[in-house]
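Have a look at start.pdb; it's PDB, C-alpha atoms:
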```
ATOM      1  CA  MET K   1       0.000   0.000   0.000
ATOM      2  CA  THR K   2       1.512   3.342  -1.059
ATOM      3  CA  ASP K   3       1.505   6.464   1.078
ATOM      4  CA  GLU K   4      -1.184   7.954  -1.161
ATOM      5  CA  GLU K   5      -3.419   4.893  -0.805
ATOM      6  CA  LEU K   6      -2.934   4.903   2.936
ATOM      7  CA  GLU K   7      -3.807   8.604   3.112
ATOM      8  CA  GLN K   8      -6.935   7.931   1.050
ATOM      9  CA  ARG K   9      -7.923   5.201   3.486
ATOM     10  CA  LEU K  10      -7.271   7.500   6.403
ATOM     11  CA  ARG K  11      -9.464  10.182   4.855
ATOM     12  CA  ARG K  12     -12.293   7.669   4.465
ATOM     13  CA  LEU K  13     -11.850   6.961   8.170
ATOM     14  CA  ASP K  14     -12.554  10.556   9.036
ATOM     15  CA  ALA K  15     -15.416  10.773  11.488
ATOM     16  CA  ARG K  16     -17.446  13.939  11.195
ATOM     17  CA  PRO K  17     -20.808  12.951  12.564
ATOM     18  CA  GLU K  18     -23.516  15.229  11.294
ATOM     19  CA  ARG K  19     -25.392  17.170  13.922
ATOM     20  CA  ASP K  20     -28.450  19.328  13.557
ATOM     21  CA  PRO K  21     -28.224  23.119  13.904
ATOM     22  CA  ALA K  22     -29.767  22.933  17.387
ATOM     23  CA  PHE K  23     -26.778  20.847  18.531
ATOM     24  CA  TRP K  24     -24.321  23.552  17.461
ATOM     25  CA  GLY K  25     -26.540  26.256  18.903
ATOM     26  CA  GLU K  26     -26.614  24.471  22.244
ATOM     27  CA  MET K  27     -22.853  24.065  22.192
ATOM     28  CA  ALA K  28     -22.309  27.758  21.411
ATOM     29  CA  ALA K  29     -24.658  28.716  24.256
ATOM     30  CA  ALA K  30     -22.830  26.346  26.616
ATOM     31  CA  VAL K  31     -19.498  27.908  25.648
ATOM     32  CA  ARG K  32     -20.896  31.407  26.288
ATOM     33  CA  ASP K  33     -22.268  30.318  29.688
ATOM     34  CA  GLY K  34     -19.040  28.528  30.573
ATOM     35  CA  TYR K  35     -16.980  31.565  29.668
ATOM     36  CA  ALA K  36     -19.267  33.911  31.643
ATOM     37  CA  GLN K  37     -19.056  31.646  34.709
ATOM     38  CA  GLU K  38     -15.293  31.375  34.421
ATOM     39  CA  GLU K  39     -14.915  35.141  34.112
ATOM     40  CA  ALA K  40     -17.194  35.689  37.143
ATOM     41  CA  ARG K  41     -15.144  33.171  39.124
ATOM     42  CA  ARG K  42     -11.915  34.932  38.149
ATOM     43  CA  ARG K  43     -13.348  38.319  39.129
ATOM     44  CA  ARG K  44     -14.442  36.943  42.515
ATOM     45  CA  ALA K  45     -11.002  35.435  43.022
ATOM     46  CA  THR K  46      -9.377  38.779  42.177
ATOM     47  CA  VAL K  47     -11.617  40.669  44.629
ATOM     48  CA  THR K  48     -10.893  38.110  47.364
ATOM     49  CA  ARG K  49      -7.162  38.376  46.715
ATOM     50  CA  ARG K  50      -7.293  42.176  46.902
ATOM     51  CA  ARG K  51      -9.334  42.047  50.102
ATOM     52  CA  ARG K  52      -6.824  39.655  51.654
ATOM     53  CA  LEU K  53      -4.016  41.928  50.615
ATOM     54  CA  ALA K  54      -5.780  44.992  52.042
ATOM     55  CA  ALA K  55      -6.589  43.130  55.252
ATOM     56  CA  SER K  56      -2.986  42.057  55.686
ATOM     57  CA  GLY K  57      -1.866  45.635  54.986
ATOM     58  CA  ALA K  58      -4.315  46.975  57.542
ATOM     59  CA  SER K  59      -3.182  44.455  60.138
ATOM     60  CA  ILE K  60       0.459  45.396  59.522
ATOM     61  CA  LEU K  61      -0.457  49.070  59.943
ATOM     62  CA  ALA K  62      -2.353  48.300  63.154
ATOM     63  CA  MET K  63       0.606  46.355  64.529
ATOM     64  CA  ALA K  64       2.971  49.161  63.562
ATOM     65  CA  ALA K  65       0.703  51.717  65.251
ATOM     66  CA  ALA K  66       0.501  49.595  68.400
ATOM     67  CA  LEU K  67       4.277  49.230  68.440
ATOM     68  CA  ALA K  68       4.751  52.969  67.945
ATOM     69  CA  LEU K  69       2.350  53.716  70.770
ATOM     70  CA  TRP K  70       4.057  51.231  73.047
ATOM     71  CA  LEU K  71       7.469  52.711  72.257
ATOM     72  CA  ARG K  72       6.143  56.215  72.791
ATOM     73  CA  VAL K  73       4.877  55.274  76.232
ATOM     74  CA  HIS K  74       7.838  53.157  77.304
ATOM     75  CA  HIS K  75      10.976  54.383  75.592
ATOM     76  CA  HIS K  76      11.419  57.164  78.215
ATOM     77  CA  ALA K  77      11.729  54.630  81.027
ATOM     78  CA  PRO K  78      15.030  55.176  82.848
ATOM     79  CA  ALA K  79      17.895  52.907  82.007
ATOM     80  CA  ALA K  80      19.033  50.669  84.821
ATOM     81  CA  HIS K  81      22.291  52.552  85.402
ATOM     82  CA  GLU K  82      20.660  56.016  85.629
ATOM     83  CA  PRO K  83      19.847  57.374  89.106
ATOM     84  CA  MET K  84      16.087  57.361  89.547
ATOM     85  CA  GLY K  85      15.816  60.748  91.183
ATOM     86  CA  ASP K  86      17.275  62.693  88.252
ATOM     87  CA  THR K  87      14.945  61.212  85.646
ATOM     88  CA  PHE K  88      11.855  63.071  84.563
ATOM     89  CA  HIS K  89       9.067  61.531  82.471
ATOM     90  CA  VAL K  90       7.562  63.953  80.010
ATOM     91  CA  PHE K  91       4.242  62.977  78.407
ATOM     92  CA  GLU K  92       3.542  65.957  76.239
ATOM     93  CA  ASP K  93       0.353  64.707  74.610
ATOM     94  CA  LEU K  94      -1.335  63.455  77.731
ATOM     95  CA  GLU K  95      -3.505  65.336  80.196
ATOM     96  CA  PRO K  96      -2.529  64.899  83.829
ATOM     97  CA  GLY K  97      -5.485  62.584  84.510
ATOM     98  CA  GLU K  98      -4.601  60.450  81.469
ATOM     99  CA  LEU K  99      -0.990  60.469  82.584
ATOM    100  CA  LEU K 100      -1.899  58.871  85.881
ATOM    101  CA  GLU K 101      -4.007  56.236  84.090
ATOM    102  CA  GLU K 102      -1.099  55.364  81.856
ATOM    103  CA  LEU K 103       1.354  54.883  84.700
ATOM    104  CA  SER K 104       1.796  51.717  86.668
ATOM    105  CA  PRO K 105       1.830  51.972  90.488
ATOM    106  CA  ALA K 106       5.632  51.700  90.428
ATOM    107  CA  ASP K 107       5.812  54.577  87.937
ATOM    108  CA  VAL K 108       3.520  56.687  90.121
ATOM    109  CA  ASP K 109       5.823  56.029  93.079
ATOM    110  CA  ARG K 110       8.881  57.027  91.081
ATOM    111  CA  VAL K 111       7.226  60.202  89.771
ATOM    112  CA  ALA K 112       6.005  61.108  93.275
ATOM    113  CA  LYS K 113       9.505  60.646  94.720
ATOM    114  CA  ALA K 114      11.027  62.781  91.968
ATOM    115  CA  PHE K 115       8.380  65.442  92.465
ATOM    116  CA  ASN K 116       8.926  65.517  96.232
ATOM    117  CA  LYS K 117      12.679  65.649  95.737
ATOM    118  CA  GLY K 118      12.318  68.570  93.327
ATOM    119  CA  ALA K 119       9.888  70.336  95.641
TER     120      ALA K 119
ATOM    121  CA  MET F   1     -21.646  29.724   0.919
ATOM    122  CA  ALA F   2     -19.898  32.838   2.135
ATOM    123  CA  ASP F   3     -16.666  33.876   0.511
ATOM    124  CA  LYS F   4     -13.929  32.867   2.960
ATOM    125  CA  SER F   5     -11.628  35.660   1.854
ATOM    126  CA  SER F   6     -14.186  38.216   3.051
ATOM    127  CA  GLU F   7     -14.303  36.694   6.523
ATOM    128  CA  PRO F   8     -12.219  38.423   9.182
ATOM    129  CA  GLU F   9      -8.954  36.773  10.205
ATOM    130  CA  ASP F  10      -8.621  35.137  13.604
ATOM    131  CA  ALA F  11      -6.267  37.882  14.741
ATOM    132  CA  GLU F  12      -8.850  40.544  13.980
ATOM    133  CA  LEU F  13     -11.629  38.631  15.735
ATOM    134  CA  VAL F  14      -9.460  37.958  18.783
ATOM    135  CA  ALA F  15      -8.468  41.621  18.975
ATOM    136  CA  ARG F  16     -12.122  42.632  18.781
ATOM    137  CA  PHE F  17     -13.041  40.057  21.416
ATOM    138  CA  LEU F  18     -10.334  41.411  23.716
ATOM    139  CA  GLY F  19     -11.806  44.860  23.138
ATOM    140  CA  GLY F  20     -15.148  43.606  24.461
ATOM    141  CA  ASP F  21     -16.918  42.782  21.176
ATOM    142  CA  ARG F  22     -19.222  39.841  21.903
ATOM    143  CA  THR F  23     -20.020  39.275  18.223
ATOM    144  CA  ALA F  24     -16.336  38.464  17.659
ATOM    145  CA  PHE F  25     -16.581  35.867  20.434
ATOM    146  CA  ASP F  26     -19.613  34.299  18.751
ATOM    147  CA  ALA F  27     -17.898  34.336  15.354
ATOM    148  CA  LEU F  28     -14.880  32.490  16.757
ATOM    149  CA  VAL F  29     -17.124  29.925  18.460
ATOM    150  CA  VAL F  30     -19.023  29.279  15.220
ATOM    151  CA  ARG F  31     -15.757  29.026  13.284
ATOM    152  CA  TYR F  32     -14.100  26.516  15.600
ATOM    153  CA  GLN F  33     -16.807  24.512  17.325
ATOM    154  CA  ARG F  34     -17.180  22.009  14.483
ATOM    155  CA  PRO F  35     -13.511  21.218  13.801
ATOM    156  CA  ILE F  36     -12.789  21.076  17.529
ATOM    157  CA  TYR F  37     -15.754  18.789  18.156
ATOM    158  CA  TRP F  38     -14.741  16.478  15.300
ATOM    159  CA  LEU F  39     -11.142  16.393  16.437
ATOM    160  CA  ALA F  40     -12.251  15.558  19.984
ATOM    161  CA  TYR F  41     -14.671  12.953  18.643
ATOM    162  CA  ARG F  42     -11.889  11.123  16.830
ATOM    163  CA  TYR F  43      -9.905  10.926  20.061
ATOM    164  CA  VAL F  44     -12.628  10.135  22.602
ATOM    165  CA  GLY F  45     -14.940   8.154  20.304
ATOM    166  CA  ASN F  46     -18.323   9.253  21.599
ATOM    167  CA  ASP F  47     -20.634  12.217  21.372
ATOM    168  CA  ALA F  48     -20.962  13.162  25.045
ATOM    169  CA  ASP F  49     -17.230  13.299  25.769
ATOM    170  CA  ALA F  50     -16.477  15.013  22.455
ATOM    171  CA  LYS F  51     -19.057  17.702  23.175
ATOM    172  CA  ASP F  52     -17.713  18.191  26.680
ATOM    173  CA  VAL F  53     -14.114  18.400  25.457
ATOM    174  CA  ALA F  54     -15.012  20.863  22.689
ATOM    175  CA  GLN F  55     -16.921  23.123  25.066
ATOM    176  CA  ARG F  56     -14.194  23.110  27.702
ATOM    177  CA  ALA F  57     -11.490  23.673  25.092
ATOM    178  CA  LEU F  58     -13.261  26.728  23.696
ATOM    179  CA  VAL F  59     -13.945  28.166  27.156
ATOM    180  CA  GLN F  60     -10.315  27.652  28.213
ATOM    181  CA  ALA F  61      -9.061  29.133  24.973
ATOM    182  CA  PHE F  62     -11.113  32.293  25.501
ATOM    183  CA  VAL F  63     -10.243  32.593  29.188
ATOM    184  CA  LYS F  64      -6.530  32.393  28.500
ATOM    185  CA  VAL F  65      -6.406  34.165  25.168
ATOM    186  CA  ARG F  66      -5.061  37.322  26.857
ATOM    187  CA  ALA F  67      -1.874  35.390  27.579
ATOM    188  CA  LEU F  68      -1.271  34.785  23.862
ATOM    189  CA  ARG F  69       1.649  36.791  22.548
ATOM    190  CA  ASP F  70       0.443  36.371  18.973
ATOM    191  CA  VAL F  71      -3.340  36.685  18.750
ATOM    192  CA  GLY F  72      -3.123  35.221  15.243
ATOM    193  CA  SER F  73      -2.181  31.858  16.730
ATOM    194  CA  PHE F  74      -5.642  31.358  18.233
ATOM    195  CA  ARG F  75      -6.291  28.348  15.992
ATOM    196  CA  GLY F  76      -3.163  26.540  17.176
ATOM    197  CA  TRP F  77      -3.968  27.451  20.744
ATOM    198  CA  VAL F  78      -7.524  26.109  20.718
ATOM    199  CA  TYR F  79      -6.551  22.901  18.871
ATOM    200  CA  ARG F  80      -3.774  22.254  21.372
ATOM    201  CA  VAL F  81      -6.098  22.759  24.341
ATOM    202  CA  ALA F  82      -8.661  20.406  22.768
ATOM    203  CA  VAL F  83      -6.108  17.669  22.074
ATOM    204  CA  ASN F  84      -4.759  17.851  25.631
ATOM    205  CA  LEU F  85      -8.252  17.647  27.120
ATOM    206  CA  ALA F  86      -9.189  14.768  24.815
ATOM    207  CA  LEU F  87      -6.018  12.879  25.741
ATOM    208  CA  ASN F  88      -6.860  13.352  29.428
ATOM    209  CA  VAL F  89     -10.309  11.873  28.863
ATOM    210  CA  VAL F  90      -8.859   8.886  26.986
ATOM    211  CA  ARG F  91      -6.149   8.386  29.615
ATOM    212  CA  ASP F  92      -8.691   8.420  32.428
ATOM    213  CA  ARG F  93     -10.812   5.678  30.986
ATOM    214  CA  LYS F  94      -8.347   3.218  29.470
ATOM    215  CA  PRO F  95      -8.719   1.023  27.488
ATOM    216  CA  ALA F  96      -9.761   3.529  24.859
ATOM    217  CA  ALA F  97     -13.236   3.182  23.485
ATOM    218  CA  GLU F  98     -13.545   2.753  19.766
ATOM    219  CA  LEU F  99     -15.476   5.164  17.622
ATOM    220  CA  GLU F 100     -19.187   4.476  17.517
ATOM    221  CA  ASP F 101     -19.612   2.208  14.522
ATOM    222  CA  HIS F 102     -22.249   3.165  12.006
ATOM    223  CA  VAL F 103     -21.666   0.152   9.721
ATOM    224  CA  ALA F 104     -24.812  -1.734   8.791
ATOM    225  CA  VAL F 105     -24.751  -5.496   9.412
ATOM    226  CA  THR F 106     -26.138  -6.646   6.088
ATOM    227  CA  GLN F 107     -23.549  -5.758   3.440
ATOM    228  CA  PRO F 108     -21.771  -7.478   0.547
ATOM    229  CA  ARG F 109     -18.643  -9.463   1.426
ATOM    230  CA  GLU F 110     -16.269  -6.997  -0.274
ATOM    231  CA  ARG F 111     -17.760  -4.196   1.735
ATOM    232  CA  LEU F 112     -17.338  -6.155   4.946
ATOM    233  CA  ILE F 113     -13.676  -6.809   4.116
ATOM    234  CA  GLU F 114     -13.219  -3.143   3.327
ATOM    235  CA  ASP F 115     -14.900  -2.207   6.594
ATOM    236  CA  GLU F 116     -12.705  -4.661   8.463
ATOM    237  CA  THR F 117      -9.593  -3.084   6.927
ATOM    238  CA  GLN F 118     -10.833   0.341   7.899
ATOM    239  CA  ARG F 119     -11.546  -0.894  11.408
ATOM    240  CA  HIS F 120      -7.961  -2.161  11.651
ATOM    241  CA  LEU F 121      -6.699   1.160  10.370
ATOM    242  CA  ARG F 122      -8.819   3.042  12.926
ATOM    243  CA  ALA F 123      -7.442   0.846  15.705
ATOM    244  CA  ALA F 124      -3.914   1.376  14.388
ATOM    245  CA  VAL F 125      -4.346   5.166  14.495
ATOM    246  CA  THR F 126      -5.245   4.998  18.184
ATOM    247  CA  ARG F 127      -2.029   3.040  18.825
ATOM    248  CA  LEU F 128       0.274   5.601  17.220
ATOM    249  CA  PRO F 129       2.652   7.508  19.513
ATOM    250  CA  PRO F 130       0.919  10.730  20.643
ATOM    251  CA  GLN F 131       2.934  13.145  18.496
ATOM    252  CA  GLN F 132       2.564  11.013  15.356
ATOM    253  CA  ARG F 133      -1.152  10.635  15.977
ATOM    254  CA  LEU F 134      -1.558  14.360  16.459
ATOM    255  CA  VAL F 135       0.189  15.052  13.155
ATOM    256  CA  VAL F 136      -2.020  12.514  11.335
ATOM    257  CA  GLU F 137      -5.178  13.925  12.916
ATOM    258  CA  LEU F 138      -4.316  17.475  11.981
ATOM    259  CA  ARG F 139      -2.901  16.762   8.548
ATOM    260  CA  VAL F 140      -5.396  14.193   7.261
ATOM    261  CA  PHE F 141      -8.585  14.833   9.187
ATOM    262  CA  ALA F 142      -8.383  18.528   9.998
ATOM    263  CA  GLU F 143      -6.791  19.069   6.554
ATOM    264  CA  LEU F 144      -4.295  21.601   7.843
ATOM    265  CA  PRO F 145      -1.089  22.524   6.014
ATOM    266  CA  PHE F 146       2.148  21.273   7.591
ATOM    267  CA  ARG F 147       2.983  24.784   8.753
ATOM    268  CA  ALA F 148      -0.202  24.890  10.860
ATOM    269  CA  VAL F 149       0.318  21.307  12.014
ATOM    270  CA  ALA F 150       3.806  22.234  13.198
ATOM    271  CA  GLU F 151       2.476  25.260  15.056
ATOM    272  CA  ILE F 152      -0.114  23.180  16.911
ATOM    273  CA  ALA F 153       2.229  20.256  17.553
ATOM    274  CA  GLU F 154       4.891  22.719  18.743
ATOM    275  CA  CYS F 155       7.589  21.459  16.414
ATOM    276  CA  SER F 156       9.267  22.586  13.215
ATOM    277  CA  GLU F 157       7.572  22.113   9.859
ATOM    278  CA  ASP F 158      10.244  19.594   8.841
ATOM    279  CA  SER F 159       9.731  17.699  12.062
ATOM    280  CA  ALA F 160       5.975  17.580  11.397
ATOM    281  CA  LYS F 161       6.646  16.127   7.924
ATOM    282  CA  VAL F 162       9.051  13.550   9.339
ATOM    283  CA  ASN F 163       6.521  12.625  12.037
ATOM    284  CA  PHE F 164       3.839  12.207   9.391
ATOM    285  CA  HIS F 165       6.098   9.957   7.299
ATOM    286  CA  HIS F 166       6.957   7.836  10.351
ATOM    287  CA  ALA F 167       3.283   7.675  11.269
ATOM    288  CA  LEU F 168       2.375   6.193   7.880
ATOM    289  CA  LYS F 169       5.145   3.607   8.186
ATOM    290  CA  ARG F 170       4.032   2.751  11.687
ATOM    291  CA  LEU F 171       0.401   2.451  10.574
ATOM    292  CA  ARG F 172       1.370  -0.178   8.017
ATOM    293  CA  VAL F 173       3.160  -2.194  10.693
ATOM    294  CA  LEU F 174       0.269  -1.855  13.130
ATOM    295  CA  MET F 175      -2.287  -2.838  10.487
ATOM    296  CA  ASN F 176      -0.300  -5.973   9.693
ATOM    297  CA  GLU F 177      -0.274  -6.817  13.382
ATOM    298  CA  GLU F 178      -4.029  -6.264  13.535
ATOM    299  CA  ASN F 179      -4.560  -8.505  10.498
ATOM    300  CA  GLU F 180      -2.411 -11.246  11.952
ATOM    301  CA  SER F 181      -4.191 -11.142  15.286
TER     302      SER F 181
END
```

Would you write out, as structure tokens, the structure that this file holds?
Amino acid sequence: MTDEELEQRLRRLDARPERDPAFWGEMAAAVRDGYAQEEARRRRATVTRRRRLAASGASILAMAAALALWLRVHHHAPAAHEPMGDTFHVFEDLEPGELLEELSPADVDRVAKAFNKGA
Amino acid sequence: MADKSSEPEDAELVARFLGGDRTAFDALVVRYQRPIYWLAYRYVGNDADAKDVAQRALVQAFVKVRALRDVGSFRGWVYRVAVNLALNVVRDRKPAAELEDHVAVTQPRERLIEDETQRHLRAAVTRLPPQQRLVVELRVFAELPFRAVAEIAECSEDSAKVNFHHALKRLRVLMNEENES
């Protein structure tokens, strides 16, 4: 059997089952629906990803703010080698009442001693 | 029948589709649903799976068409997706089902012998190595030029021709085996 004969036989083997127009119409509609669903799914996935990203950004900002606040409150604490009586705590943004609420009992004692010493 | 030369090229339709033109989408579906369905049918051998493969291939092709560097290669892209999906279906349900046979039972002897030969040839095609089978499918059944076959099969044009030549040789061997068994 020559190559040409074999190709002829192969062509006769070709299966192209006839379908009515409704079949192709249904398939086209299914492709449109499938594409619309897939696009909607991708859009939802994109929105979810952006929300996750925003949420993680917000949580990082919140943690940074908390850290900054903590440092602001605590970084004036006297170092261990400094004499207690010469150290003054200055809380510029806080009202006196708020200042007392922010201080621990030990801090209040230290501030009172310093105040008395100064007085 | 409409004059093919007056029909817009794939690249133009894809560009319009990417610009939001739904009529371009429909035109591409109408253009490719038949050849993709027939190609899938020859691989999977039944209507339901072929229809499913064709639909999924077209949907995937449209979803990922934005990733195509050359929008003119839509045809190669959609054929490749369809072949991969069809191969997955066949792989998942081995042994492969044969094509639904439409041969009538009452026929002259010569016709029966001819049909038997064709049946052997059909079985031999399914036993070709994947790349050789793909080249035969695209060249003989989809009637594509070797340049397009090479594009879809992701090889050079010369390699596609060599694969086709080897496929014919291999088919002869496989048909002899079928006859002997």

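Nearest to chain F of all the residues K:Arg43, K:Arg9, K:Lys113, K:His74 is K:Arg9, based on only C-alpha atoms.
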
Expand the ChimeraX specification (/F :<12) & /K into the explicit residue set it covers here, and present it as an MDAnalysis selection string.
chainID K and resid 1:21 23:43

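Nearest residue to Leu69 (chain K) among K:Lys117, K:Glu102, K:Ala54, K:Arg44 is K:Glu102, counting only C-alpha atoms.
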
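Candidate residues F:Arg75, F:His120, F:Arg133, F:Arg69 were compared for distance to Leu87 (chain F), and the nearest is F:Arg133, using all atoms listed in the file.
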
As a check of understanding, name the residues that the PyMOL selection byres ((chain F and resi 18) around 12) selects in the supplied structure, as a ChimeraX atom specification.
/F:11-17,19-25,62-68,71

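Going from CA of Arg93 (chain F) over to CA of Tyr43 (chain F), you cover 12.2 Å.
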
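The spacing separating CA of Gln132 (chain F) from CA of Ala167 (chain F) amounts to 5.3 Å.
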
I'd like to know which of K:Val73, K:Phe115, K:Ala68, K:Arg51 is closest to Leu103 (chain K), using all atoms listed in the file.
K:Val73

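Note that the spacing between CA of Ile60 (chain K) and CA of Glu101 (chain K) amounts to 27.2 Å.
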
Draw an axis-aligned box over all listed atoms of region 51-56 of chain K, pad each side with 6 Å, and write its centre and edge lengths in Å, one decimal, as JSON.
```
{"center_x": -6.2, "center_y": 42.3, "center_z": 52.9, "size_x": 18.3, "size_y": 17.3, "size_z": 17.6}
```
